[in-house]
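Student: Just dropping this structure here.
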Amino acid sequence: MFFNKCISAGCLSVAFVLTFLQGPASSKPEESFSSPDGRFAFRYPNSLVRCERDSKQADRWIPAESCEAYIPVCSDFSGSRGTTIACVAYLADGMKGTNFQAAAFSVNQINAITTDGCLNIAESNVRTLRKEQVNGVTFSVIETGGVAAGNLMDGEAYRSFHQNKCYELDISIASSNIGNYDPGTVRGFDREAVYRSLKSVLNTFQFVK
């Protein structure tokens with residue numbers, strides 16, 4: 001009796017539409033990354049892209065259109081790519097027509113053997129912003145950035161000395177100086193939206209051991 005009433009009321013049609021809008025039950029909105037040594041893990045949405053080292057050029061990352069910029073985004077705050085263990089980038093496809101170059105969240109292992117060596121950064125262009133906890137671990141947060149030939153970089157680096165290793169989590173956003181373009185030809189991108197997306201990945205980072 002209920003089945004007959006449901007058909008006459010269009011319940012099956014409604015159920016089909018809802019299933020279609022929700023997508024298949026097996027779809028994965030997030031991906032996960034675990035470090036090769038099993039020490040840390042994080043999650044990132046499918047709207048970001050996992051960067052991989054180029055097998056032909058070890059100091060470059062692919063896909064280059066999202067993972068490379070004039071100033072490296074898959075690197076530590078000093079621009080060194082060799083320290084980077086993992087990198088996920090904001091997709092550049094939707095940024096055409098803007099001064100956006102690339103933006104990424106990366107995990108780097110810095111060559112420091114003590115807590116002081118890890119957390120005390122003596123660079124003149126770097127300032128400590130705050131202490132921040134990420135999943136129970138305290139990080140020192142520093143402001144990063146730079147300018148090179150009309151190319152800009154800004155972001156933050158999170159440092160923590162864990163299990164005798166110095167880790168740096170970086171949010172790096174690279175762009176071009178919009179003043180270098182003819183007026184009206186290029187628009188500015190939403191930097192805060194990009195930052196929030198990458199920060200949401202950083203917020204999932206945790207040490208597994």
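By order in the structure tokens, chains are A, B, ...; within a chain, residues start at 1; ligands start at 1, following the order shown.
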So which bits of segment 10-178 of chain A end up strand (DSSP E) when you DSSP the backbone, as JSON, numbers by chain?

Tutor: {"A": [30, 31, 32, 33, 34, 40, 41, 42, 43, 44, 45, 48, 49, 50, 52, 53, 61, 62, 84, 85, 86, 87, 88, 89, 90, 100, 101, 102, 103, 104, 105, 106, 107, 108, 109, 110, 127, 128, 129, 130, 131, 132, 133, 134, 137, 138, 139, 140, 141, 142, 143, 144, 145, 146, 147, 148, 151, 152, 153, 154, 155, 156, 157, 158, 159, 160, 161, 162, 165, 166, 167, 168, 169, 170, 171, 172, 173, 174, 175, 176]}

Student: Restricting the output to C-alpha atoms, write the selected residues as a compact mmCIF listing (two decimals), in the first residue's frame.

Tutor:
# COMPACT_ATOMS: atom_id res chain seq x y z
CA GLU A 30 39.51 14.31 0.30
CA GLU A 31 42.83 12.63 -0.32
CA SER A 32 45.38 11.74 2.34
CA PHE A 33 49.17 11.82 2.38
CA SER A 34 51.47 9.89 4.72
CA PHE A 40 53.39 12.57 9.69
CA ALA A 41 50.19 12.72 7.67
CA PHE A 42 47.74 15.30 6.35
CA ARG A 43 44.60 15.52 4.21
CA TYR A 44 43.76 17.73 1.27
CA PRO A 45 40.62 18.27 -0.84
CA LEU A 48 43.95 20.83 -4.89
CA VAL A 49 46.61 18.93 -6.82
CA ARG A 50 49.37 16.73 -5.41
CA GLU A 52 55.39 15.34 -7.71
CA ARG A 53 59.07 15.82 -8.41
CA TRP A 61 57.66 19.90 -9.57
CA ILE A 62 54.83 18.77 -11.82
CA THR A 84 60.57 19.50 0.61
CA ILE A 85 58.97 16.15 1.45
CA ALA A 86 55.42 16.83 0.26
CA CYS A 87 53.62 19.57 -1.65
CA VAL A 88 50.00 20.19 -2.69
CA ALA A 89 49.06 23.15 -4.87
CA TYR A 90 46.09 25.32 -5.70
CA PHE A 100 48.17 34.62 -9.79
CA GLN A 101 51.20 32.41 -10.49
CA ALA A 102 51.03 29.48 -8.04
CA ALA A 103 50.29 28.66 -4.40
CA ALA A 104 51.04 25.60 -2.32
CA PHE A 105 51.18 23.95 1.08
CA SER A 106 54.44 22.07 1.62
CA VAL A 107 56.11 20.06 4.36
CA ASN A 108 59.86 20.54 4.67
CA GLN A 109 62.55 19.00 6.84
CA ILE A 110 65.15 21.59 7.79
CA ARG A 127 59.64 38.09 11.85
CA THR A 128 57.92 35.74 14.27
CA LEU A 129 54.18 36.27 14.25
CA ARG A 130 52.91 33.97 16.97
CA LYS A 131 52.84 30.52 18.53
CA GLU A 132 50.07 28.30 17.23
CA GLN A 133 48.92 24.79 18.08
CA VAL A 134 48.11 22.37 15.27
CA VAL A 137 51.71 20.44 18.64
CA THR A 138 53.04 23.98 19.18
CA PHE A 139 54.56 25.69 16.15
CA SER A 140 56.42 28.97 15.86
CA VAL A 141 54.85 30.89 12.97
CA ILE A 142 56.92 33.27 10.89
CA GLU A 143 55.96 35.61 8.09
CA THR A 144 57.59 34.84 4.77
CA GLY A 145 57.85 36.68 1.52
CA GLY A 146 60.03 38.21 -1.13
CA VAL A 147 60.22 40.17 -4.37
CA ALA A 148 62.16 39.26 -7.51
CA ASN A 151 57.34 38.69 -8.94
CA LEU A 152 55.94 38.54 -5.42
CA MET A 153 55.83 35.84 -2.75
CA ASP A 154 54.08 35.90 0.59
CA GLY A 155 52.94 33.36 3.12
CA GLU A 156 53.71 31.77 6.46
CA ALA A 157 56.04 29.10 7.77
CA TYR A 158 55.29 26.91 10.80
CA ARG A 159 58.35 25.49 12.59
CA SER A 160 58.47 22.70 15.16
CA PHE A 161 61.26 20.48 16.49
CA HIS A 162 59.81 16.96 16.75
CA LYS A 165 63.98 16.71 13.51
CA CYS A 166 63.08 20.24 12.42
CA TYR A 167 59.85 20.45 10.43
CA GLU A 168 58.58 23.47 8.53
CA LEU A 169 55.04 23.68 7.16
CA ASP A 170 54.78 26.36 4.50
CA ILE A 171 51.95 28.24 2.86
CA SER A 172 53.42 30.02 -0.18
CA ILE A 173 51.49 32.27 -2.57
CA ALA A 174 53.28 33.58 -5.68
CA SER A 175 51.95 36.33 -7.91
CA SER A 176 53.02 38.95 -10.41

Student: In terms of the shortest atom-to-atom distance over only C-alpha atoms, which of A:Thr83, A:Ser75, A:Leu119, A:Ala149 is closest to Asn180 of chain A?

Tutor: A:Ala149

Student: Pick from A:Gln163, A:Thr204, A:Thr98, A:Ser78: nearest to Asn177 of chain A, with only C-alpha atoms counted?

Tutor: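 Of A:Gln163, A:Thr204, A:Thr98, A:Ser78, the one nearest Asn177 of chain A is A:Thr98, counting only C-alpha atoms.
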
Student: Which of segment 83-180 of chain A end up as helix (DSSP H, G or I) when DSSP is run on this backbone - answer as an MDAnalysis selection string?

Tutor: chainID A and resid 93:95 115:119 178:180

Student: With N, CA and C atoms kept, could you save the residues just selected as a short mmCIF file (atom, residue, chain, number, x, y, z; two decimals), in the first residue's frame?

Tutor:
data_model
loop_
_atom_site.label_atom_id
_atom_site.label_comp_id
_atom_site.auth_asym_id
_atom_site.auth_seq_id
_atom_site.Cartn_x
_atom_site.Cartn_y
_atom_site.Cartn_z
N ASP A 93 44.15 26.47 -13.07
CA ASP A 93 43.22 26.57 -14.21
C ASP A 93 42.22 27.70 -14.07
N GLY A 94 41.67 27.86 -12.88
CA GLY A 94 40.64 28.88 -12.68
C GLY A 94 41.17 30.27 -12.45
N MET A 95 42.48 30.46 -12.56
CA MET A 95 43.10 31.75 -12.26
C MET A 95 43.55 32.51 -13.51
N THR A 115 66.55 22.33 19.15
CA THR A 115 65.34 23.15 19.14
C THR A 115 65.66 24.59 18.81
N ASP A 116 66.72 25.14 19.43
CA ASP A 116 67.09 26.54 19.16
C ASP A 116 67.46 26.74 17.70
N GLY A 117 68.21 25.80 17.15
CA GLY A 117 68.60 25.90 15.76
C GLY A 117 67.41 25.86 14.82
N CYS A 118 66.37 25.16 15.23
CA CYS A 118 65.17 25.05 14.41
C CYS A 118 64.29 26.29 14.51
N LEU A 119 64.09 26.79 15.73
CA LEU A 119 63.10 27.84 15.95
C LEU A 119 63.65 29.25 15.88
N ILE A 178 50.84 43.42 -10.31
CA ILE A 178 49.80 43.80 -11.26
C ILE A 178 50.12 45.12 -11.96
N GLY A 179 51.00 45.91 -11.36
CA GLY A 179 51.41 47.16 -11.98
C GLY A 179 52.25 46.96 -13.22
N ASN A 180 52.72 45.73 -13.45
CA ASN A 180 53.53 45.45 -14.64
C ASN A 180 52.70 45.24 -15.89
#

Student: Measuring between only C-alpha atoms, which one of A:Lys56, A:Arg81, A:Ser66, A:Leu91 shows the shortest distance to Ser197 of chain A?

Tutor: A:Leu91

Student: Please compute the atom CA of Gly188 of chain A-atom CA of Asn203 of chain A distance, one decimal, in Å.

Tutor: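 Atom CA of Asn203 of chain A lies 26.4 Å from atom CA of Gly188 of chain A.
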
Student: I need the residue nearest Pro63 of chain A from this list: A:Phe207, A:Ala193, A:Ala92, A:Ser80. Use only C-alpha atoms for the distance.

Tutor: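 Smallest separation from Pro63 of chain A among the options: A:Ala92.
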
Student: Please, what distance in Å, to one decimal, runs between atom CA of Ile113 of chain A and atom CA of Asp37 of chain A?

Tutor: 18.2 Å
